[in-house]
Amino acid sequence: MDSASDNSEKKDAHIHASSTVHSYDVDVGAQLIAETDSSLTPQEASRLRAKIDWHVLPFMCIMYLITFMDKTTLGEAAVLGIIDGAHLTENQYNWLGTIFYLSYLVFQYPQNLALQRFPVGKWMSINIFLWAVVLLCHAACKSFGSLFAVRFLLGMFEGAVTPGFMIVTSMFYTHAEQTRRVGYWFLMNGFAVIILGFISFGLLHTHTAFMPWQWLMIITGTITLITSVLFWFFFPDSPTTAWFLTPEERVAAIRRIQVNQSGVENKRFKKEQFLETVKDPKTWLMAFFAGSANIVNSLTNQRQLIVSQFGFNGIQTTLLGCVDGAVEILAIWLGVTVLVPQPSIGRSYAGVLMYIPGILGSILVSTLPFSNKIGLLFSYWISIFAIAPFPIFLGWVSSITSGHTKRITTNGIVLCSYAIGNAVSQFMWQAQYQPRNHIPWAVITSCNFAAGIALVVLRFMFASENRKRERETPDQHDAVYIRDESGAEKKVDKAFLDLTDKQNHDFRYVL
């Protein structure tokens, strides 16, 4: 009898021990909400989301606007005299666009590791500050070699911004809210194009010791420098430490995103999650999409040259460039606010629908008579719709990936592929193809079509996995115990155990 009792106690002890983990192995939100059962009413959740929006979204939107302004200064500089001022050939100019993305590629995964290791907001602030300094240095460059060096450094520091914003968006928002928020800060690219267009228009009328393109670098660099300081003091690192939330609101913010089944973050690199990511076929299909979807982004540096070749002068080209931004804003807004929320459409089909006008536009640019410059111009503007699927996809990535090491690894792979697509696409714009550029437009059309197919296949894979999980017996062990530094144990929901989407069968892939 005593022996049976002892065996039973040993068995219970073993079960309990197997359900106890150390606090550094789980999500940072676990300690904050451990053994709390408070729930939020829809009204409370809505008020909290509004507060987060007011304190987080403006910074992300302003920073992404400045990011794109800085990144596209090279395209604007093409009509502001940089090619003659720095004695560049056509091939050297293309290399300045490419080296930015090659640097972005090389440093992308190290940047993601740093974003996991250090406070997200602070790490981004440091990179933004250094980026501003490098951008100001552009104005002193008078040769290909010096511009090549600063463009390389610019790509290194820019690599922290997009993955950082993806992480922050996943920390503060539910899966249902993430795509729209990513869309909001990504569509600031369009506003950047408009603002930069007006700045360039004004600079074309300046007559000083500095060339117009040098003034452009000084203006954008100064704005970035000021923003980096504001970012350091006011941008949050996590909902667990956000300065604008009370202790009770921090708990509520974590509880609000519990539905994601993916937690907030974990500062410990987990090799098993890294290996799971690189072995997951979905990771590489997402990477394929990111690369092919960004071939069209080569228009960022080429758009001014393309429009001028239609037969418009420098001032006309600069002003018409503002319409590029308006079209991009419209396309992304339609995608994330009108199409994605429709249950029958979702992320994948929204991206495919945005590719339809994009592909049509790129075909028309290549086939319309070259004398029809108005038709070519409007066709070019329609082709910009193909930019919208990528921000839709960026908002989707965090909703289909769980486990913090897996998430930052996935982000790193996806953005490395993004960099590859942007880097190689610069070289298809060769002088021998001008002014019609049939080859570049054919490549853009083909890659847009391939990216659309990839979105459909991804949706099929995620839908199949969801159906499989729905047929499984629900996991009854919804919570385990965590042990903190003092040895005390607290019960916590498994949503905050830093499990991957494969390990947590309660996780559902958003379509």
# chains A, B, ... in the order shown; residues from 1 in each chain; ligands from 1
>>> residues_around(residues="range 232-249 of chain A", least_positions_apart="5", cutoff="8 Å", atoms="only C-alpha atoms", output="list in words")
Val28, Gly29, Leu32, Leu48, His55, Val56, Phe59, Pro119, Val120, Gly121, Lys122, Ser125, Ile126, Val168, Met171, Phe172, Ile254 and Val264 of chain A
>>> closest_atom_pairs(of="range 127-238 of chain A", to="range 330-337 of chain A", cutoff="12 Å", atoms="only C-alpha atoms", output="Markdown table")
| residue | atom | partner | partner_atom | distance |
| --- | --- | --- | --- | --- |
| A:Ala176 | CA | A:Val336 | CA | 11.0 |
| A:Glu177 | CA | A:Val336 | CA | 10.0 |
| A:Gln178 | CA | A:Val336 | CA | 9.7 |
| A:Thr179 | CA | A:Val336 | CA | 6.4 |
| A:Arg180 | CA | A:Val336 | CA | 5.1 |
| A:Arg181 | CA | A:Val336 | CA | 8.5 |
| A:Val182 | CA | A:Val336 | CA | 8.6 |
| A:Gly183 | CA | A:Val336 | CA | 5.9 |
| A:Tyr184 | CA | A:Trp333 | CA | 7.5 |
| A:Trp185 | CA | A:Ile332 | CA | 10.2 |
| A:Phe186 | CA | A:Ile332 | CA | 8.0 |
| A:Leu187 | CA | A:Ile332 | CA | 6.0 |
| A:Met188 | CA | A:Ile332 | CA | 9.8 |
| A:Asn189 | CA | A:Ile332 | CA | 10.0 |
| A:Gly190 | CA | A:Leu330 | CA | 8.7 |
| A:Phe191 | CA | A:Leu330 | CA | 10.7 |
>>> closest_residue(among="A:Leu511, A:Leu339, A:Ile257, A:Leu376", to="Phe310 in chain A", atoms="only C-alpha atoms")
A:Leu376
>>> closest_residue(among="A:Ile453, A:Ile128, A:Ala350, A:Cys447", to="Phe231 in chain A", atoms="only C-alpha atoms")
A:Ile128
>>> closest_residue(among="A:Thr500, A:Ser348, A:Ser398, A:Gln258", to="Pro163 in chain A", atoms="only C-alpha atoms")
A:Ser398
>>> closest_residue(among="A:Thr169, A:Ser103, A:Ser308, A:Ser298", to="Lys373 in chain A", atoms="only C-alpha atoms")
A:Ser308
>>> residues_around(residues="Gly202 in chain A", least_positions_apart="3", cutoff="12 Å", atoms="only C-alpha atoms", output="number ranges by chain")
A: 80, 195-199, 205-207, 212-213, 215-216, 315, 318-319
>>> select_by_dssp(residues="range 408-489 of chain A", states="strand (DSSP E or B)", output="list of chain:residue names")
A:Ala479, A:Val480, A:Tyr481, A:Ile482, A:Arg483, A:Glu489
>>> residues_around(residues="Arg508 in chain A", least_positions_apart="2", cutoff="8 Å", atoms="only C-alpha atoms", output="list in words")
Ile400, Asn466, Asp501, His505, Asp506 and Val510 of chain A
